[in-house]
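Visitor: Sharing model26.pdb (PDB, C-alpha atoms and all ligand atoms) below.
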```pdb
ATOM      1  CA  MET A   1       0.000   0.000   0.000
ATOM      2  CA  THR A   2       1.163   3.500  -0.743
ATOM      3  CA  ARG A   3      -0.383   6.860   0.009
ATOM      4  CA  PRO A   4      -2.890   8.127  -2.569
ATOM      5  CA  ASP A   5      -1.350  11.605  -2.513
ATOM      6  CA  LEU A   6       1.947  13.219  -3.380
ATOM      7  CA  TRP A   7       3.192  16.728  -2.629
ATOM      8  CA  VAL A   8       4.299  18.384  -5.867
ATOM      9  CA  ASP A   9       6.297  21.612  -5.903
ATOM     10  CA  GLN A  10       9.294  21.030  -8.202
ATOM     11  CA  PRO A  11       9.835  19.625 -11.700
ATOM     12  CA  GLY A  12      11.321  16.413 -10.285
ATOM     13  CA  HIS A  13       7.956  15.598  -8.693
ATOM     14  CA  VAL A  14       6.081  15.426 -11.997
ATOM     15  CA  GLY A  15       7.370  11.944 -12.915
ATOM     16  CA  PRO A  16       6.487  10.400  -9.526
ATOM     17  CA  ALA A  17       3.046  12.086  -9.707
ATOM     18  CA  ARG A  18       2.447  10.482 -13.104
ATOM     19  CA  ALA A  19       3.574   7.103 -11.717
ATOM     20  CA  LEU A  20       1.185   7.469  -8.755
ATOM     21  CA  ALA A  21      -1.697   8.165 -11.161
ATOM     22  CA  VAL A  22      -0.812   5.238 -13.431
ATOM     23  CA  ARG A  23      -0.722   2.848 -10.444
ATOM     24  CA  ALA A  24      -4.179   4.011  -9.332
ATOM     25  CA  ALA A  25      -5.564   3.740 -12.871
ATOM     26  CA  ARG A  26      -4.274   0.172 -13.242
ATOM     27  CA  ALA A  27      -5.608  -0.733  -9.778
ATOM     28  CA  ALA A  28      -9.016   0.568 -10.901
ATOM     29  CA  GLY A  29      -8.908  -1.829 -13.864
ATOM     30  CA  LEU A  30      -8.882   0.848 -16.571
ATOM     31  CA  PRO A  31      -7.795  -0.290 -20.068
ATOM     32  CA  GLN A  32      -4.335   0.773 -21.270
ATOM     33  CA  ALA A  33      -5.659   3.503 -23.604
ATOM     34  CA  THR A  34      -7.411   5.095 -20.620
ATOM     35  CA  VAL A  35      -4.362   4.658 -18.391
ATOM     36  CA  ASP A  36      -2.442   6.675 -20.994
ATOM     37  CA  ARG A  37      -5.033   9.482 -20.735
ATOM     38  CA  VAL A  38      -4.738   9.416 -16.937
ATOM     39  CA  ALA A  39      -0.947   9.710 -17.249
ATOM     40  CA  LEU A  40      -1.298  12.694 -19.583
ATOM     41  CA  ALA A  41      -3.732  14.440 -17.222
ATOM     42  CA  ALA A  42      -1.498  13.764 -14.199
ATOM     43  CA  THR A  43       1.495  15.248 -16.006
ATOM     44  CA  GLU A  44      -0.433  18.423 -16.829
ATOM     45  CA  LEU A  45      -1.913  18.785 -13.333
ATOM     46  CA  ALA A  46       1.449  18.212 -11.627
ATOM     47  CA  SER A  47       3.199  20.651 -13.975
ATOM     48  CA  ASN A  48       0.565  23.273 -13.178
ATOM     49  CA  LEU A  49       1.108  22.780  -9.444
ATOM     50  CA  VAL A  50       4.834  23.448  -9.940
ATOM     51  CA  ARG A  51       4.529  26.365 -12.340
ATOM     52  CA  HIS A  52       1.506  28.275 -11.099
ATOM     53  CA  ALA A  53       0.330  27.226  -7.654
ATOM     54  CA  GLY A  54       3.504  27.272  -5.585
ATOM     55  CA  GLY A  55       3.001  23.570  -4.921
ATOM     56  CA  GLY A  56       0.110  21.360  -3.924
ATOM     57  CA  SER A  57      -1.069  17.777  -3.624
ATOM     58  CA  LEU A  58      -1.970  15.402  -6.407
ATOM     59  CA  VAL A  59      -4.388  12.681  -5.265
ATOM     60  CA  ALA A  60      -5.068   9.544  -7.321
ATOM     61  CA  HIS A  61      -7.749   7.199  -6.002
ATOM     62  CA  HIS A  62     -10.818   5.130  -6.797
ATOM     63  CA  GLY A  63     -13.865   7.233  -5.887
ATOM     64  CA  PRO A  64     -17.537   6.251  -5.783
ATOM     65  CA  ALA A  65     -18.055   6.877  -9.516
ATOM     66  CA  GLY A  66     -14.660   6.044 -10.940
ATOM     67  CA  MET A  67     -10.943   6.575 -10.868
ATOM     68  CA  GLU A  68     -10.181  10.182  -9.971
ATOM     69  CA  LEU A  69      -7.284  12.592 -10.051
ATOM     70  CA  LEU A  70      -7.503  15.619  -7.780
ATOM     71  CA  SER A  71      -5.150  18.556  -7.814
ATOM     72  CA  LEU A  72      -5.312  20.512  -4.550
ATOM     73  CA  ASP A  73      -3.484  23.760  -3.898
ATOM     74  CA  LEU A  74      -3.618  26.834  -1.691
ATOM     75  CA  GLY A  75      -2.319  29.096  -4.444
ATOM     76  CA  PRO A  76      -3.661  32.366  -5.813
ATOM     77  CA  GLY A  77      -6.631  30.762  -7.574
ATOM     78  CA  ILE A  78      -7.585  31.059 -11.208
ATOM     79  CA  ALA A  79      -8.856  34.518 -11.973
ATOM     80  CA  ARG A  80     -10.213  33.767 -15.414
ATOM     81  CA  ILE A  81     -11.276  30.160 -15.568
ATOM     82  CA  SER A  82     -12.769  30.122 -19.072
ATOM     83  CA  GLU A  83      -9.639  31.657 -20.566
ATOM     84  CA  SER A  84      -7.359  29.361 -18.635
ATOM     85  CA  MET A  85      -9.147  26.424 -20.242
ATOM     86  CA  ARG A  86      -7.991  27.497 -23.692
ATOM     87  CA  ASP A  87      -4.851  25.788 -24.812
ATOM     88  CA  GLY A  88      -1.828  27.976 -24.633
ATOM     89  CA  PHE A  89      -3.385  30.529 -22.342
ATOM     90  CA  SER A  90      -1.344  31.227 -19.282
ATOM     91  CA  THR A  91      -0.499  34.216 -17.183
ATOM     92  CA  ALA A  92       1.612  34.506 -14.071
ATOM     93  CA  GLY A  93      -0.523  33.885 -11.020
ATOM     94  CA  THR A  94      -2.994  31.546 -12.671
ATOM     95  CA  LEU A  95      -3.001  27.790 -12.796
ATOM     96  CA  GLY A  96      -2.778  28.389 -16.479
ATOM     97  CA  ALA A  97      -2.288  26.192 -19.469
ATOM     98  CA  GLY A  98      -2.877  22.500 -19.737
ATOM     99  CA  LEU A  99      -6.332  22.391 -18.185
ATOM    100  CA  GLY A 100      -7.896  22.038 -21.628
ATOM    101  CA  THR A 101      -5.741  18.952 -22.099
ATOM    102  CA  VAL A 102      -6.913  17.541 -18.775
ATOM    103  CA  ARG A 103     -10.548  18.201 -19.630
ATOM    104  CA  ARG A 104     -10.244  16.377 -22.950
ATOM    105  CA  ALA A 105      -8.351  13.466 -21.426
ATOM    106  CA  ALA A 106     -10.955  12.855 -18.699
ATOM    107  CA  ASP A 107     -14.496  11.486 -18.877
ATOM    108  CA  GLU A 108     -15.593  14.161 -16.404
ATOM    109  CA  PHE A 109     -13.899  17.350 -15.322
ATOM    110  CA  ASP A 110     -14.597  19.909 -12.624
ATOM    111  CA  LEU A 111     -12.744  22.877 -11.193
ATOM    112  CA  PHE A 112     -13.407  25.154  -8.240
ATOM    113  CA  SER A 113     -11.185  28.084  -7.410
ATOM    114  CA  LEU A 114     -11.332  31.121  -5.126
ATOM    115  CA  PRO A 115      -8.891  34.037  -5.166
ATOM    116  CA  ASP A 116      -6.136  33.561  -2.574
ATOM    117  CA  ALA A 117      -7.832  30.407  -1.220
ATOM    118  CA  GLY A 118      -6.718  27.878  -3.802
ATOM    119  CA  THR A 119      -7.969  25.559  -6.472
ATOM    120  CA  VAL A 120      -9.360  22.030  -6.679
ATOM    121  CA  VAL A 121      -9.282  20.327 -10.077
ATOM    122  CA  LEU A 122     -11.107  17.019 -10.539
ATOM    123  CA  ALA A 123     -10.617  14.619 -13.459
ATOM    124  CA  ARG A 124     -12.639  11.409 -13.445
ATOM    125  CA  TRP A 125     -12.654   8.227 -15.529
ATOM    126  CA  ARG A 126     -15.976   6.515 -14.935
ATOM    127  CA  THR A 127     -16.145   2.956 -13.707
ATOM    128  CA  ALA A 128     -19.611   3.057 -12.113
ATOM    129  CA  GLU A 129     -23.082   4.151 -13.122
ATOM    130  CA  ARG A 130     -24.504   7.199 -11.439
ATOM    131  CA  LEU A 131     -27.967   6.524 -10.034
ATOM    132  CA  GLY A 132     -30.033   8.837  -7.876
ATOM    133  CA  PRO A 133     -28.039  10.762  -5.305
ATOM    134  CA  VAL A 134     -24.371  10.999  -6.055
ATOM    135  CA  VAL A 135     -21.493  10.746  -3.693
ATOM    136  CA  GLY A 136     -17.975  12.113  -3.571
ATOM    137  CA  ALA A 137     -15.437  11.000  -1.004
ATOM    138  CA  VAL A 138     -11.770  11.689  -0.395
ATOM    139  CA  GLY A 139      -9.522  10.300   2.321
ATOM    140  CA  LEU A 140      -5.859  10.804   3.195
ATOM    141  CA  PRO A 141      -3.621   8.988   5.679
ATOM    142  CA  ALA A 142      -2.088  10.892   8.583
ATOM    143  CA  PRO A 143       1.335  12.437   7.910
ATOM    144  CA  GLY A 144       3.948   9.679   7.889
ATOM    145  CA  GLU A 145       1.420   6.840   7.422
ATOM    146  CA  GLU A 146       0.990   4.783   4.255
ATOM    147  CA  VAL A 147      -2.578   3.626   4.971
ATOM    148  CA  SER A 148      -5.541   5.506   6.369
ATOM    149  CA  GLY A 149      -7.526   4.310   9.375
ATOM    150  CA  ASP A 150     -10.501   6.214   8.008
ATOM    151  CA  ALA A 151     -12.707   4.699   5.328
ATOM    152  CA  TRP A 152     -15.901   5.349   3.417
ATOM    153  CA  THR A 153     -18.259   3.237   1.366
ATOM    154  CA  VAL A 154     -21.392   3.595  -0.710
ATOM    155  CA  VAL A 155     -23.843   0.695  -0.828
ATOM    156  CA  ARG A 156     -26.883   0.433  -3.068
ATOM    157  CA  GLY A 157     -29.839  -1.622  -1.856
ATOM    158  CA  ALA A 158     -33.353  -2.057  -3.236
ATOM    159  CA  GLY A 159     -34.560   1.525  -3.784
ATOM    160  CA  LEU A 160     -32.083   2.934  -1.311
ATOM    161  CA  LEU A 161     -28.543   4.151  -1.001
ATOM    162  CA  THR A 162     -26.414   3.994   2.138
ATOM    163  CA  VAL A 163     -23.188   5.869   2.841
ATOM    164  CA  LEU A 164     -20.828   5.081   5.697
ATOM    165  CA  VAL A 165     -17.851   7.001   7.031
ATOM    166  CA  CYS A 166     -15.733   5.310   9.628
ATOM    167  CA  ASP A 167     -12.700   6.356  11.715
ATOM    168  CA  GLY A 168     -10.752   3.411  13.133
ATOM    169  CA  LEU A 169      -9.324   4.366  16.518
ATOM    170  CA  GLY A 170      -5.903   5.997  16.236
ATOM    171  CA  HIS A 171      -4.180   5.565  12.900
ATOM    172  CA  GLY A 172      -2.001   3.134  10.969
ATOM    173  CA  PRO A 173      -2.651  -0.506   9.968
ATOM    174  CA  ALA A 174      -4.674  -1.535  13.067
ATOM    175  CA  ALA A 175      -7.029   1.423  12.604
ATOM    176  CA  ALA A 176      -7.300   0.518   8.910
ATOM    177  CA  ALA A 177      -8.223  -3.070   9.815
ATOM    178  CA  ALA A 178     -11.149  -1.837  11.947
ATOM    179  CA  SER A 179     -12.485   0.456   9.237
ATOM    180  CA  ARG A 180     -12.018  -2.227   6.541
ATOM    181  CA  ARG A 181     -14.170  -4.553   8.634
ATOM    182  CA  ALA A 182     -16.846  -1.845   8.932
ATOM    183  CA  VAL A 183     -16.874  -1.313   5.163
ATOM    184  CA  ALA A 184     -17.147  -5.068   4.522
ATOM    185  CA  LEU A 185     -20.089  -5.356   6.937
ATOM    186  CA  ALA A 186     -21.892  -2.433   5.289
ATOM    187  CA  ARG A 187     -21.516  -4.153   1.912
ATOM    188  CA  GLU A 188     -22.924  -7.373   3.372
ATOM    189  CA  HIS A 189     -26.045  -5.510   4.550
ATOM    190  CA  PRO A 190     -27.177  -3.433   1.540
ATOM    191  CA  ASP A 191     -30.830  -3.322   2.637
ATOM    192  CA  ALA A 192     -30.364  -2.824   6.388
ATOM    193  CA  ASP A 193     -31.701   0.392   7.907
ATOM    194  CA  PRO A 194     -29.010   2.546   9.597
ATOM    195  CA  LEU A 195     -29.815   1.407  13.131
ATOM    196  CA  THR A 196     -29.718  -2.271  12.151
ATOM    197  CA  LEU A 197     -26.416  -1.727  10.332
ATOM    198  CA  LEU A 198     -24.975   0.006  13.389
ATOM    199  CA  GLY A 199     -26.020  -3.010  15.479
ATOM    200  CA  ALA A 200     -24.180  -5.310  13.083
ATOM    201  CA  LEU A 201     -21.113  -3.070  13.288
ATOM    202  CA  ARG A 202     -21.163  -3.026  17.104
ATOM    203  CA  THR A 203     -20.980  -6.818  17.097
ATOM    204  CA  GLY A 204     -18.741  -7.174  14.053
ATOM    205  CA  LEU A 205     -16.064  -4.737  15.220
ATOM    206  CA  VAL A 206     -15.489  -6.514  18.521
ATOM    207  CA  GLY A 207     -11.896  -7.729  18.412
ATOM    208  CA  THR A 208     -10.739  -4.727  16.400
ATOM    209  CA  ARG A 209      -9.600  -1.402  17.850
ATOM    210  CA  GLY A 210     -13.107  -0.081  17.336
ATOM    211  CA  ALA A 211     -14.225   2.900  15.333
ATOM    212  CA  ALA A 212     -16.347   6.000  15.131
ATOM    213  CA  VAL A 213     -19.067   5.494  12.531
ATOM    214  CA  ALA A 214     -21.703   7.594  10.781
ATOM    215  CA  VAL A 215     -24.343   6.062   8.517
ATOM    216  CA  ALA A 216     -26.789   7.940   6.298
ATOM    217  CA  GLN A 217     -29.409   6.407   4.041
ATOM    218  CA  VAL A 218     -31.650   7.834   1.341
ATOM    219  CA  HIS A 219     -34.758   5.986   0.176
ATOM    220  CA  HIS A 220     -35.387   7.043  -3.394
ATOM    221  CA  GLY A 221     -38.590   8.978  -3.799
ATOM    222  CA  THR A 222     -39.418   9.354  -0.116
ATOM    223  CA  GLY A 223     -37.846  12.773   0.461
ATOM    224  CA  ARG A 224     -36.245  11.499   3.651
ATOM    225  CA  LEU A 225     -32.714  10.849   4.857
ATOM    226  CA  ARG A 226     -32.072   8.602   7.849
ATOM    227  CA  PHE A 227     -28.982   9.109   9.964
ATOM    228  CA  VAL A 228     -27.284   7.402  12.869
ATOM    229  CA  GLY A 229     -23.820   7.981  14.284
ATOM    230  CA  MET A 230     -21.658   6.794  17.137
ATOM    231  CA  GLY A 231     -18.389   8.489  17.975
ATOM    232  CA  ASN A 232     -16.674  11.471  16.489
ATOM    233  CA  VAL A 233     -17.673  11.647  12.823
ATOM    234  CA  SER A 234     -19.310  14.991  12.122
ATOM    235  CA  ALA A 235     -22.385  15.317   9.946
ATOM    236  CA  ARG A 236     -23.812  18.474   8.423
ATOM    237  CA  LEU A 237     -27.042  18.519   6.485
ATOM    238  CA  TYR A 238     -28.080  21.307   4.116
ATOM    239  CA  ALA A 239     -31.731  20.921   3.154
ATOM    240  CA  ASP A 240     -31.088  23.056   0.071
ATOM    241  CA  ARG A 241     -28.474  25.440  -1.324
ATOM    242  CA  THR A 242     -29.745  28.445   0.580
ATOM    243  CA  SER A 243     -30.139  26.852   4.007
ATOM    244  CA  SER A 244     -27.449  27.041   6.634
ATOM    245  CA  GLY A 245     -26.260  23.611   7.622
ATOM    246  CA  ARG A 246     -27.444  21.798  10.696
ATOM    247  CA  ARG A 247     -25.327  19.332  12.597
ATOM    248  CA  LEU A 248     -26.708  15.820  12.971
ATOM    249  CA  VAL A 249     -25.907  14.477  16.418
ATOM    250  CA  SER A 250     -23.991  11.275  17.042
ATOM    251  CA  ARG A 251     -23.963   9.397  20.337
ATOM    252  CA  PRO A 252     -20.578   9.350  22.109
ATOM    253  CA  GLY A 253     -18.803   6.011  22.144
ATOM    254  CA  ILE A 254     -16.706   3.567  20.174
ATOM    255  CA  VAL A 255     -18.355   1.072  17.861
ATOM    256  CA  GLY A 256     -17.012  -2.375  18.762
ATOM    257  CA  ALA A 257     -15.982  -1.447  22.297
ATOM    258  CA  GLY A 258     -19.212  -2.768  23.779
ATOM    259  CA  GLN A 259     -19.720  -0.813  26.960
ATOM    260  CA  ALA A 260     -21.156   2.427  25.579
ATOM    261  CA  ARG A 261     -24.921   2.791  25.238
ATOM    262  CA  PRO A 262     -25.856   2.626  21.571
ATOM    263  CA  PRO A 263     -28.315   4.986  19.892
ATOM    264  CA  VAL A 264     -31.890   3.760  20.320
ATOM    265  CA  ALA A 265     -33.121   5.260  17.057
ATOM    266  CA  ASP A 266     -31.904   6.782  13.854
ATOM    267  CA  THR A 267     -33.096  10.295  13.020
ATOM    268  CA  VAL A 268     -35.132  11.240   9.959
ATOM    269  CA  HIS A 269     -34.598  14.449   7.983
ATOM    270  CA  PRO A 270     -36.080  16.065   4.891
ATOM    271  CA  TRP A 271     -34.086  15.257   1.749
ATOM    272  CA  GLY A 272     -34.549  16.635  -1.748
ATOM    273  CA  GLN A 273     -32.846  17.134  -5.070
ATOM    274  CA  GLU A 274     -31.083  20.236  -3.728
ATOM    275  CA  SER A 275     -29.925  18.669  -0.463
ATOM    276  CA  LEU A 276     -26.348  18.076   0.571
ATOM    277  CA  LEU A 277     -24.885  16.016   3.413
ATOM    278  CA  VAL A 278     -21.228  16.319   4.438
ATOM    279  CA  LEU A 279     -19.683  13.677   6.710
ATOM    280  CA  ALA A 280     -16.159  14.228   8.056
ATOM    281  CA  THR A 281     -13.860  12.399  10.438
ATOM    282  CA  ASP A 282     -12.104  14.284  13.222
ATOM    283  CA  GLY A 283      -8.956  14.629  11.118
ATOM    284  CA  ALA A 284     -10.892  17.630   9.791
ATOM    285  CA  SER A 285     -11.514  20.643  11.966
ATOM    286  CA  GLU A 286     -15.176  21.479  12.538
ATOM    287  CA  ARG A 287     -14.466  25.167  12.086
ATOM    288  CA  TRP A 288     -15.502  25.519   8.475
ATOM    289  CA  SER A 289     -18.559  26.925   6.803
ATOM    290  CA  LEU A 290     -19.786  26.480   3.256
ATOM    291  CA  ASP A 291     -20.772  30.173   3.435
ATOM    292  CA  ASP A 292     -17.053  31.027   3.236
ATOM    293  CA  TRP A 293     -16.808  29.352  -0.182
ATOM    294  CA  PRO A 294     -19.524  30.826  -2.426
ATOM    295  CA  GLY A 295     -20.407  28.644  -5.377
ATOM    296  CA  LEU A 296     -18.807  25.469  -4.044
ATOM    297  CA  THR A 297     -22.098  23.598  -3.682
ATOM    298  CA  ASP A 298     -22.760  24.017  -7.414
ATOM    299  CA  HIS A 299     -19.888  21.606  -8.030
ATOM    300  CA  ASP A 300     -19.421  17.857  -8.207
ATOM    301  CA  PRO A 301     -19.733  16.212  -4.749
ATOM    302  CA  THR A 302     -16.146  14.968  -5.093
ATOM    303  CA  THR A 303     -14.985  18.563  -5.555
ATOM    304  CA  VAL A 304     -17.047  19.584  -2.503
ATOM    305  CA  ALA A 305     -15.547  16.774  -0.396
ATOM    306  CA  ALA A 306     -12.011  17.508  -1.591
ATOM    307  CA  TRP A 307     -12.323  21.241  -0.942
ATOM    308  CA  VAL A 308     -13.651  20.708   2.604
ATOM    309  CA  LEU A 309     -10.926  18.138   3.304
ATOM    310  CA  TRP A 310      -8.188  20.367   1.924
ATOM    311  CA  HIS A 311      -9.268  23.452   3.866
ATOM    312  CA  ALA A 312     -10.332  21.803   7.147
ATOM    313  CA  ASN A 313      -7.548  19.188   7.372
ATOM    314  CA  ARG A 314      -5.710  19.399  10.715
ATOM    315  CA  ARG A 315      -2.814  17.555   9.054
ATOM    316  CA  ARG A 316      -2.043  15.393  12.072
ATOM    317  CA  ASP A 317      -4.532  12.503  11.731
ATOM    318  CA  ASP A 318      -6.172  10.412   9.049
ATOM    319  CA  VAL A 319      -8.883  12.457   7.417
ATOM    320  CA  CYS A 320     -11.907  11.544   5.308
ATOM    321  CA  VAL A 321     -14.738  13.690   3.942
ATOM    322  CA  LEU A 322     -17.796  12.406   2.081
ATOM    323  CA  ALA A 323     -20.406  14.557   0.320
ATOM    324  CA  LEU A 324     -23.797  13.093  -0.587
ATOM    325  CA  ALA A 325     -25.810  15.246  -2.965
ATOM    326  CA  GLY A 326     -29.447  15.184  -4.030
ATOM    327  CA  ALA A 327     -30.379  13.968  -7.485
ATOM    328  CA  ARG A 328     -30.041  17.391  -9.087
ATOM    329  CA  TRP A 329     -26.329  16.828  -9.531
TER     330      TRP A 329
HETATM  331 MN    MN B 401      -9.354  10.274  13.724
END
```
Output the file's structure as structure tokens, nothing else.
Guide:
Amino acid sequence: MTRPDLWVDQPGHVGPARALAVRAARAAGLPQATVDRVALAATELASNLVRHAGGGSLVAHHGPAGMELLSLDLGPGIARISESMRDGFSTAGTLGAGLGTVRRAADEFDLFSLPDAGTVVLARWRTAERLGPVVGAVGLPAPGEEVSGDAWTVVRGAGLLTVLVCDGLGHGPAAAAASRRAVALAREHPDADPLTLLGALRTGLVGTRGAAVAVAQVHHGTGRLRFVGMGNVSARLYADRTSSGRRLVSRPGIVGAGQARPPVADTVHPWGQESLLVLATDGASERWSLDDWPGLTDHDPTTVAAWVLWHANRRRDDVCVLALAGARW
């Protein structure tokens, strides 16, 4: 296992960034012609990080809808996005040229940028159908670790979709083992309601380090989201784009540790095409607000998750952010 991210701030980092992307593309099972497109996009994104952003991270991973490359920086932002997309266009202080190449190389492309706050670029090669609500998720291991103890999964049942974010206690391989078990159990129970799934996790994680877990579930067509959480995974629900978020409350405790009192019920919330749910492990600070980033919620849920992760990351623990969006996306 190797980290999914690489810091890129000098020309010598471009080759390793391309190699990271190629490994992820092969691991995702993409055909060679597509792997070549991923390599091209990674080269352009890494070169842009060196030339225009003062450095940043390139992330290559398998997301809910496909293999994804993310370029994350805290640079000056792209002042004129439409012009920067034209081949050959570049000015000092912008991410500049090459983004047109990335857009053509990818199946899906997204970019969000704010002046003096940075830029997230997303390139995706689809490996999964998009049905109903869509999900973006990004996770990074703690500094110095190769694997993350945080994990996410998306499970489709009959007429419903369940998302899980899980933080294995501590970090490193033992934390990763706990969260891997949680993900496997969620996949074995695609039709379980959140409370039933949490019960299965409380039993199934005994013998591991234990974990903090949040589970949300949308039943297609009902206009409702069900939520249950135990331990320190934060959840914020935005009923629509104009509403301020509300925090969904988790019960304190460690899933798998046994002694804590479990939640007695899940909670039910309105859910519509314009709704957004953001789940984040405690590797992310809770001191962020979508209001500080106007326009972000118009973007792909993966871009939303990556932006929140990048700007809220405490950079001392594993971190994972998942964004679940209503069907409008
Ligand atoms: Mn943690």
Visitor: Which residues match the PyMOL selection byres (((chain A and resi 288) around 12) and not hetatm) in the file above, as a list in words?
Guide: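 Going through the file, the PyMOL selection byres (((chain A and resi 288) around 12) and not hetatm) ends up selecting Ser234, Arg236, Gly245, Val278, Ala280, Ala284, Ser285, Glu286, Arg287, Ser289, Leu290, Asp291, Asp292, Trp293, Trp307, Val308, Leu309, Trp310, His311, Ala312, Asn313 and Arg314 of chain A.
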Visitor: Using all atoms listed in the file, determine which residues fall within 7 Å of ligand MN 401 (chain B), then list them as a ChimeraX atom specification.
Guide: /A:167,169-170,281-283,317-319
Visitor: Any chance you can output those residues with C-alpha atoms as a PDB file, in the coordinates of the input?
Guide:
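This is the output file part_20.pdb:
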```pdb
ATOM      1  CA  ASP A 167     -12.700   6.356  11.715  1.00  0.00           C
ATOM      2  CA  LEU A 169      -9.324   4.366  16.518  1.00  0.00           C
ATOM      3  CA  GLY A 170      -5.903   5.997  16.236  1.00  0.00           C
ATOM      4  CA  THR A 281     -13.860  12.399  10.438  1.00  0.00           C
ATOM      5  CA  ASP A 282     -12.104  14.284  13.222  1.00  0.00           C
ATOM      6  CA  GLY A 283      -8.956  14.629  11.118  1.00  0.00           C
ATOM      7  CA  ASP A 317      -4.532  12.503  11.731  1.00  0.00           C
ATOM      8  CA  ASP A 318      -6.172  10.412   9.049  1.00  0.00           C
ATOM      9  CA  VAL A 319      -8.883  12.457   7.417  1.00  0.00           C
TER      10      VAL A 319
END
```
Visitor: Evaluate the PyMOL selection byres (((chain A and resi 273-277) around 10) and not hetatm) against this structure - the residues, as a ChimeraX atom specification, please.
Guide: /A:132-135,216,223,225,235-243,245-248,270-272,278-279,297-298,301,304,322-329
Visitor: For a test of reading the model, state the distance in Å between atom CA of Val147 of chain A and atom CA of Thr2 of chain A, rounded to one decimal.
Guide: 6.8 Å
Visitor: Report the residues retrieved by the PyMOL selection byres (((chain A and resi 213) around 7) and not hetatm) from the displayed file, expressed as a PyMOL selection string.
Guide: chain A and resi 165-167+211-212+214-215+229-231+233+255
Visitor: Adding 8 Å on each side of the box along x, y and z that holds all listed atoms of segment 69-75 of chain A, could you give its centre and edge lengths in Å to one decimal, as AutoDock Vina command-line options?
Guide:
```
--center_x -4.9 --center_y 20.8 --center_z -5.9 --size_x 21.2 --size_y 32.5 --size_z 24.4
```
Visitor: Write out as a count of residues only the residues lying within 9 Å of Asp116 of chain A, counting all atoms listed in the file and excluding same-chain residues fewer than 2 positions away.
Guide: 7
Visitor: Pick the closest to Leu30 of chain A from A:Gly98, A:Arg124, A:Arg103, A:Gly54: which is it, counting all atoms listed in the file?
Guide: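 The answer is A:Arg124, which sits nearest to Leu30 of chain A.
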Visitor: Please, what distance in Å, to one decimal, runs between atom CA of Gly221 of chain A and atom CA of Ala192 of chain A?
Guide: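 Atom CA of Ala192 of chain A lies 17.6 Å from atom CA of Gly221 of chain A.
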Visitor: Counting all atoms listed in the file, figure out which residue out of A:Leu70, A:Ala265, A:Leu198, A:Val249 gets nearest to Phe112 of chain A.
Guide: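 Counting all atoms listed in the file, the residue closest to Phe112 of chain A is A:Leu70.
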Visitor: What's around Ala186 of chain A at 12 Å? Count all atoms listed in the file, leave out sequence neighbours fewer than 6 positions away in its own chain, and write the answer as a ChimeraX atom specification.
Guide: /A:151-157,161-166,179-180,192-202,204-205,213-217
Visitor: Report, in Å with one decimal, the straight-line distance from atom CA of Pro4 of chain A to atom CA of Val59 of chain A.
Guide: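 Atom-to-atom, atom CA of Pro4 of chain A and atom CA of Val59 of chain A are spaced 5.5 Å apart.
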Visitor: Name the closest residue to Arg316 of chain A among the candidates A:Leu296, A:Leu40, A:Ala24, A:Ala142; distances are taken between atoms, counting all atoms listed in the file.
Guide: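 Between A:Leu296, A:Leu40, A:Ala24, A:Ala142, the residue approaching Arg316 of chain A most closely is A:Ala142.
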Visitor: Residues within 12 Å of Leu45 of chain A, please, as a PyMOL selection string. Count only C-alpha atoms; anything in the same chain fewer than 5 positions from it doesn't count.
Guide: chain A and resi 8-9+11+13-15+17-18+21+38-40+50-53+55-60+69-73+95-103+105+111+119-123
Visitor: Using only C-alpha atoms, can you tell me which of A:Asp266, A:Gly136, A:Arg226, A:Gly149 comes closest to Arg209 of chain A?
Guide: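 Checking each of A:Asp266, A:Gly136, A:Arg226, A:Gly149 against Arg209 of chain A, counting only C-alpha atoms, the winner is A:Gly149.
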